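Accompanying notes for the structure given below.
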Amino acid sequence: MSAPASYKVYMPPVPEEIRGGKAQPLLIVDKLKKHFPVRGGVLNRVTAVVKAVDDVTFEVQKGEVLGIVGESGCGKSTTARLVMQLIKPDSGTLVYDGDPVGAFRGISVSQLRRKVQMVFQESFASLNPRLSISDSISYAPKMHGTARAEAEERTERLLRDVGLNPAQFARRYPHELSGGQRQRVNIARALALEPKLLILDESVSALDKSVEAQVLNLLVELKEKRDLTYMFISHDLNVVEFISDRVLVMYLGKVVETGPVDEIYRNPRHPYTKALLRSKPSFDPAHRTTEMPLTGDPPSPLNPPSGCRFRTRCAFAESICAATAPELDATPDSPPQHAVACHMFVAGSGHSRAISGGLV
Amino acid sequence: MTNVPAYAEAKGGQAQVASAEVRKQPANEVGQGYWRTVWGRLKRDKVTMTVTFILLMIILMAIFAPFVTAYDPYAGGIMRRLKPVGTPGHWLGTDETGRDMWTRIAYGARLSLLTGILPVGVALAVGGLLGIVAGYAGGIVNTLIMRTMDVFYAFPSILLAIAICGMLGSGMTNAILALSIVFIPPMVRIAESVTTQVRTLDFVDAARASGTTTSQIIRHHILNNVMGTILVYATSLISISIVLSAGLSFLGLGAKPPEAEWGLMLTSLRQAIYVQPLVAAIPGFMIFITSMCFNLMSDGFRGAMDIKLNK
Amino acid sequence: MAEAAPKPIVDVRDLKVEFRRREQSVAAVNGVTFSLMPGEVLTILGESGSGKSVTLKALMGLVPDYAHVTGQALVDGKDVVGMSRDELRQIRGPVVSMIFQEPMTALDPVFTIGDQIAEIIKTHEGLSHRAAMKRALELLEMVSIPSAARRLKNYPHEMSGGMRQRAMIAMALACRPSVLLADEPTTALDVTVQIQILLLLRQIQKEMGMAVVFVTHDVGVAAEISDQVAVMYAGRLVETGTVYEVLSERSHPYTEGLLSSTVHGGMKGQPLDMIRGQPPNLAALPPGCSFAPRCSQAVESCHRVEAPAVTLGPGRLVRCIRAQPLLAAE
């Protein structure tokens with residue numbers, strides 16, 4: 001991955017539609033880091049550090065769906081909140097469409113928040129119970145100075161877009177809706193500021209399967225109609241495969257593998273990705289899973305293992321894995337977008353199964 | 001808004017979803033907001049409605065005291081001392097200086113309610129604000145406010161009230177001030193805990209993510225959701241406040257004779273307990289009824305406002 | 001059938017559970033009938049509010065007091081419906097036991113895992129503390145908890161989610177029950193841990209010859225673990241049969257819809273077939289077939305008449321008006 005250089009060059013303001021151009025990634029996340037100190041003891045000293053997100057780097061291309069998968073504690077939700085700037089990152093840069101966020105000549109955090117919006121997992125907790133559906137949706141536009149009548153009209157249009165009849169739903173309150181309907185409202189609310197990027201953090205995970213399918217179809221439809229880009233975070237491998245163009249696999253705060261969805265699902269490289277995919281229930285009673293792809297639970301992100309963080313559960317772990325952390329790098333024999341962080345895919349890394357350099 | 005065209009025809013497949021979803025909701029519930037739901041539940045709760053009615057009557061009695069009785073609350077007469085309940089002209093009897101009990105009770109309600117409600121009001125404003133700030137800000141601000149409150153918590157409330165009254169000297173104003181100080185820490189604690197709860201909910205994050213400023217979030221999202229709980233708690237404090245203020249007057253730290261105040265009346269009628277036990281008990285009975293009604297009302301509100309039942 | 005045919009270990013006939021409250025009564029289970037042979041795994045598959053968990057709890061008498069239970073639920077020959085608290089206490093453990101979705105709420109936080117397991121063994125089998133602890137250790141080893149002897153002394157909060165779930169399974173198996181009831185035991189777990197628990201349950205079930213009633217909303221999990229599958233909707237079983245029959249034939253439109261709306265590999269790039277609408281409100285069920293308002297193949301009579309239960313074969317039942325001609329055709 002070559003470091004994007006474009007944002008370092010000052011560019012005069014250009015119309016938003018063509019800002020940065022088609023090839024400019026909508027979002028570049030570079031070396032994002034967040035460690036949460038855990039305090040304890042009499043003196044309230046830092047006793048441990050949760051390395052929630054550690055040097056996470058990725059890009060989101062315009063118009064694509066980037067799926068982020070991983071087990072609990074892998075940092076996928078923290079990444080989402082860091083991108084939204086709901087939590088302040090310890091270090092790292094965000095570049096939105098060529099403009100560095102919060103930097104000189106870049107865009108401010110509040111400007112970013114109009115371009116990037118988020119839908120949370122808990123449909124009930126993410127709506128203010130005292131506001132009616134239409135008030136919830138029109139709240140942000142009104143706050144940003146949209147005239148009342150226009151905001152109202154936009155709300156009505158949004159409700160229709162997410163498949164809810166405004167006449168029946170606008171004046172209702174969150175507790176009068178079912179989970180699926182509430183999640184539609186949350187999507188409408190997120191779209192009210194007309195963002196370009198929507199972060200969906202486990203947004204369909206709490207729904208029943210039949211309702212989940214409805215919301216997934218809605219998301220696909222909205223994306224095309226409104227020319228949106230998604231960051232889709234989920235623990236459900238099947239759903240991520242269905243909706244994503246590219247996938248990012250995270251483990252204990254690190255990206256272990258990234259690539260086009262078909263590459264990742266058909267040709268996974270990292271031992272963790274392989275095990276994760278083999279852990280999916282088979283859907284076919286004639287071909288059941290017979291051996292455990294992985295043993296044990298994911299370790300706690302509190303003081304994670306040295307070197308490669310997966311080594312404690314990895315069948316191929318060797319001394320080199322404990323000594324140095326592998327870099328996320330392109331694999332030599334697959335499309336350049338496919339990158340993996342494993343010593344076995346670095347020629348001459350010192351791992352006994354390392355690929356030979358000749359393959360390149 | 002009411003006449004939106006038949007959306008189902010207009011939009012094909014996806015619209016079917018909406019129409020099928022709609023079918024499930026009973027028509028009478030449409031657009032019923034939170035407070036309407038609460039009111040609907042309250043209306044069905046007979047106990048709460050009854051105690052609220054009694055309280056309303058007591059308050060009206062206090063406000064219109066000169067109109068409910070023909071007597072002067074301070075005018076006594078040696079000849080009329082300690083008449084029993086049911087005496088013609090004095091249906092609740094008279095006290096130890098011959099003043100009409102009914103008049104004294106009606107006028108006494110003014111001071112008793114005032115010393116009951118005002119401290120809670122002050123505590124609500126000061127404590128509520130501090131609590132919300134502590135809850136929303138978190139971190140060092142929270143620690144500072146909450147630890148200070150803990151210091152007050154170390155003393156039992158009645159002792160604290162007596163001590164403050166003792167320092168400031170007796171009198172109505174000081175009694176009210178002392179009770180206000182006593183009620184601030186519990187108010188802060190409640191406000192802080194509900195605010196902390198609400199602050200962590202996703203809709204607050206969603207509002208932040210839409211560029212809403214902190215003051216807007218507090219005004220539109222936090223206050224809206226914590227006020228109910230705080231108010232309910234304040235109502236329950238009134239019942240305690242009435243008892244405590246009566247207690248202070250009883251000890252001679254609150255209202256001064258010859259003022260009419262239930263707690264004070266209880267003290268001065270103490271000596272008459274063997275002569276006219278029924279008359280002597282009336283102020284106590286009023287304190288009990290009022291305090292209990294506030295308590296029950298608060299319970300009823302709490303139940304009706306529990307929105308999670310409807311989730 | 002020959003006389004030697006083994007008797008079912010679980011036999012439920014027309015089980016109904018109604019939650020009666022002041023404001024409204026909710027019909028959670030509306031006449032459920034199924035039976036289960038010893039050593040078989042039955043999965044009840046359904047969405048939230050379908051009544052699957054309530055059915056399971058009724059089998060153990062774990063429904064609240066305001067629930068009105070009728071019908072028959074024979075577990076090991078004894079009817080659980082109408083059993084007294086004492087009788088229930090006697091069968092819970094040695095005859096039937098249960099594992100839950102969230103072990104944290106099912107385990108007592110103030111006792112060690114070892115103490116909790118030993119306590120059950122002591123009450124039911126009257127063993128000494130030492131002997132009970134020895135059994136507890138064996139049980140933890142059976143559920144493959146690493147360094148089991150050390151884990152005996154752990155409190156629930158000191159264990160990870162997967163380990164807690166294993167400890168709960170060990171506790172449920174403490175008195176070698178003939179029937180294990182599992183209420184979404186893998187739903188809260190990560191996918192890599194879920195498969196471990198499923199494999200473990202499958203292995204233990206085979207070894208002990210135990211019957212399992214497994215409740216889940218996840219078709220994939222059902223395919224991994226079940227012999228029999230019963231699809232539940234609005235308090236009724238709409239389709240039952242072997243796991244192969246139900247997953248491949250999908251004779252009920254709801255089964256078809258549920259399976260095709262569940263995302264799995266190879267569905268990319270096309271809109272998902274979905275069931276429109278929401279699951280029904282159990283306090284106000286529609287007349288006729290409960291699924292009719294969401295069914296794409298509903299005819300006029302579906303909205304009026306309750307769908308008949310059509311038997312397609314032994315243990316194979318479909319509750320749909322369309323199943324009748326299906327039968328005739330065969």
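Note on naming: chains are A, B, ... as they come in the structure tokens, residues start from 1 per chain, ligands start from 1 in the order shown.
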inquiry  = Neighbouring residues of Thr212 (chain B) were defined as those with any atom within 9 Å, considering only C-alpha atoms; residues of the same chain fewer than 4 positions away were excluded. Please report them as a VMD selection string.
reply    = (chain A and resid 110 140 143 to 144) or (chain B and resid 207 to 208 216 to 217)
ask   = Neighbours of Leu82 (chain B) within 6 Å (only C-alpha atoms; same-chain residues fewer than 6 positions away dropped), as a count of residues only?
value = 3
request  = Residues of chain C near chain A: apply a cut-off of 9 Å, count only C-alpha atoms, and supply the list as a PyMOL selection string.
outcome  = chain C and resi 47-48+146+160-163+189-196+199+217-227+243-244+247+257-279
Next, dump the selected residues to file, keeping only C-alpha atoms, as a compact mmCIF listing (two decimals), in the first residue's frame.
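The result, stored in selection_18.txt:
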```
# COMPACT_ATOMS: atom_id res chain seq x y z
CA GLU C 47 -37.99 -16.01 14.84
CA SER C 48 -38.36 -13.88 17.94
CA PRO C 146 -8.46 -26.63 29.55
CA SER C 160 -14.49 -16.00 28.90
CA GLY C 161 -17.87 -16.36 27.19
CA GLY C 162 -17.09 -19.69 25.57
CA MET C 163 -15.68 -21.16 28.78
CA LEU C 189 -21.00 -16.42 20.98
CA ASP C 190 -18.50 -15.59 18.29
CA VAL C 191 -18.68 -17.77 15.23
CA THR C 192 -15.39 -19.55 15.96
CA VAL C 193 -16.60 -20.39 19.46
CA GLN C 194 -20.10 -21.27 18.29
CA ILE C 195 -18.86 -24.10 16.13
CA GLN C 196 -16.78 -25.44 19.01
CA LEU C 199 -19.38 -29.87 17.98
CA HIS C 217 -33.35 -18.77 15.01
CA ASP C 218 -30.33 -19.71 12.91
CA VAL C 219 -30.87 -22.09 10.01
CA GLY C 220 -27.14 -22.79 9.80
CA VAL C 221 -27.02 -23.91 13.41
CA ALA C 222 -30.06 -26.11 12.87
CA ALA C 223 -28.38 -27.77 9.89
CA GLU C 224 -25.30 -28.48 11.99
CA ILE C 225 -26.97 -30.08 14.96
CA SER C 226 -30.42 -31.51 14.30
CA ASP C 227 -31.93 -34.86 13.40
CA VAL C 243 -33.55 -32.02 8.95
CA TYR C 244 -33.08 -33.16 5.34
CA LEU C 247 -34.38 -27.96 4.68
CA GLY C 257 -39.34 -17.74 2.99
CA LEU C 258 -37.22 -18.09 6.10
CA LEU C 259 -34.64 -20.22 4.31
CA SER C 260 -34.40 -18.07 1.24
CA SER C 261 -34.22 -14.85 3.23
CA THR C 262 -31.37 -16.21 5.34
CA VAL C 263 -28.23 -14.94 3.71
CA HIS C 264 -25.60 -17.53 2.98
CA GLY C 265 -22.83 -18.07 0.47
CA GLY C 266 -23.47 -17.51 -3.21
CA MET C 267 -26.38 -15.09 -2.93
CA LYS C 268 -24.37 -12.06 -3.89
CA GLY C 269 -25.58 -9.61 -6.47
CA GLN C 270 -29.25 -10.44 -6.46
CA PRO C 271 -32.01 -9.09 -4.28
CA LEU C 272 -32.87 -11.45 -1.45
CA ASP C 273 -36.18 -13.25 -1.57
CA MET C 274 -37.84 -11.99 1.51
CA ILE C 275 -40.94 -12.39 3.57
CA ARG C 276 -42.73 -9.08 3.65
CA GLY C 277 -44.02 -7.54 6.84
CA GLN C 278 -43.32 -8.30 10.45
CA PRO C 279 -44.03 -11.29 12.69
```
request  = Would you mind writing down, as JSON, numbers by chain, each residue of region 58-176 of chain A that DSSP on the backbone assigns to alpha helix (DSSP H)?
outcome  = {"A": [76, 77, 78, 79, 80, 81, 82, 83, 109, 110, 111, 112, 113, 114, 115, 133, 134, 135, 136, 137, 138, 139, 140, 141, 142, 143, 148, 149, 150, 151, 152, 153, 154, 155, 156, 157, 158, 159, 160, 161, 166, 167, 168, 169]}
query = Taking only C-alpha atoms into account, which of A:Arg130, A:Arg246, A:Arg313, A:His351 comes nearest chain B?
reply =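 Under the stated criterion, the closest residue is A:Arg130.
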ask   = Which neighbours of Leu191 (chain A) fall inside 8 Å, counting only C-alpha atoms, when residues of the same chain fewer than 4 positions from it are skipped, and could you give them as a PyMOL selection string?
value = chain A and resi 117+158+187+195
Would you mind listing, as a short mmCIF file (atom, residue, chain, number, x, y, z; two decimals) with N, CA and C atoms, in the first residue's frame, all residues of chain A that have at least one atom within 7 Å of chain B, where only C-alpha atoms are what counts?
```
data_model
loop_
_atom_site.label_atom_id
_atom_site.label_comp_id
_atom_site.auth_asym_id
_atom_site.auth_seq_id
_atom_site.Cartn_x
_atom_site.Cartn_y
_atom_site.Cartn_z
N MET A 84 -15.93 8.25 12.89
CA MET A 84 -16.98 9.24 13.16
C MET A 84 -16.49 10.34 14.09
N LEU A 86 -16.32 10.05 17.22
CA LEU A 86 -17.07 10.00 18.47
C LEU A 86 -16.11 9.70 19.62
N SER A 110 -16.69 18.75 12.23
CA SER A 110 -18.14 18.91 12.03
C SER A 110 -18.49 18.84 10.54
N ARG A 113 -18.68 15.20 9.74
CA ARG A 113 -19.87 14.54 10.26
C ARG A 113 -21.11 14.76 9.43
N ARG A 114 -21.05 15.73 8.51
CA ARG A 114 -22.17 15.86 7.60
C ARG A 114 -22.02 14.94 6.41
N GLN A 117 -22.14 9.41 8.06
CA GLN A 117 -23.16 9.16 9.08
C GLN A 117 -23.13 7.69 9.48
N PHE A 120 -26.51 2.52 14.07
CA PHE A 120 -26.03 1.66 15.15
C PHE A 120 -26.79 0.33 15.19
N ALA A 125 -32.22 1.98 21.22
CA ALA A 125 -31.34 2.91 21.93
C ALA A 125 -30.89 4.05 21.03
N SER A 126 -30.93 3.88 19.72
CA SER A 126 -30.41 4.95 18.87
C SER A 126 -31.49 5.94 18.43
N LEU A 127 -32.68 5.82 19.01
CA LEU A 127 -33.69 6.85 18.77
C LEU A 127 -34.08 7.47 20.11
N ASN A 128 -34.19 8.78 20.13
CA ASN A 128 -34.63 9.47 21.34
C ASN A 128 -36.10 9.11 21.59
N ARG A 130 -38.33 10.31 23.32
CA ARG A 130 -39.29 11.40 23.49
C ARG A 130 -39.60 12.15 22.19
N ALA A 140 -31.52 16.79 12.79
CA ALA A 140 -30.20 17.25 12.33
C ALA A 140 -30.30 18.31 11.23
N MET A 143 -31.17 21.53 12.78
CA MET A 143 -30.04 22.01 13.57
C MET A 143 -29.02 22.71 12.69
N GLY A 163 -39.22 2.88 2.88
CA GLY A 163 -40.33 1.94 2.85
C GLY A 163 -41.33 2.11 3.97
N LEU A 164 -41.44 3.32 4.51
CA LEU A 164 -42.45 3.55 5.54
C LEU A 164 -43.38 4.66 5.05
N ASN A 165 -44.67 4.44 5.16
CA ASN A 165 -45.63 5.44 4.72
C ASN A 165 -45.65 6.61 5.70
N ALA A 167 -47.66 9.02 6.20
CA ALA A 167 -48.95 9.30 6.83
C ALA A 167 -49.15 8.42 8.05
N ARG A 171 -45.80 10.55 12.77
CA ARG A 171 -46.14 11.07 14.09
C ARG A 171 -46.01 10.01 15.20
N ARG A 172 -45.53 8.86 14.85
CA ARG A 172 -45.38 7.84 15.89
C ARG A 172 -44.11 8.02 16.69
N TYR A 173 -44.03 7.26 17.77
CA TYR A 173 -42.85 7.30 18.63
C TYR A 173 -42.12 5.96 18.56
N HIS A 175 -41.26 3.61 20.51
CA HIS A 175 -41.76 2.38 21.15
C HIS A 175 -42.98 1.82 20.45
#
```
query = Hey, can you check how far CA of Leu168 (chain B) sits from CA of Leu144 (chain B)?
reply =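 Between CA of Leu168 (chain B) and CA of Leu144 (chain B) the gap is 26.3 Å.
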query = Expressed in Å to a single decimal, how great is the separation between CA of Val83 (chain A) and CA of Val29 (chain A)?
reply =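 Computing the Euclidean distance for CA of Val83 (chain A) and CA of Val29 (chain A) yields 8.0 Å.
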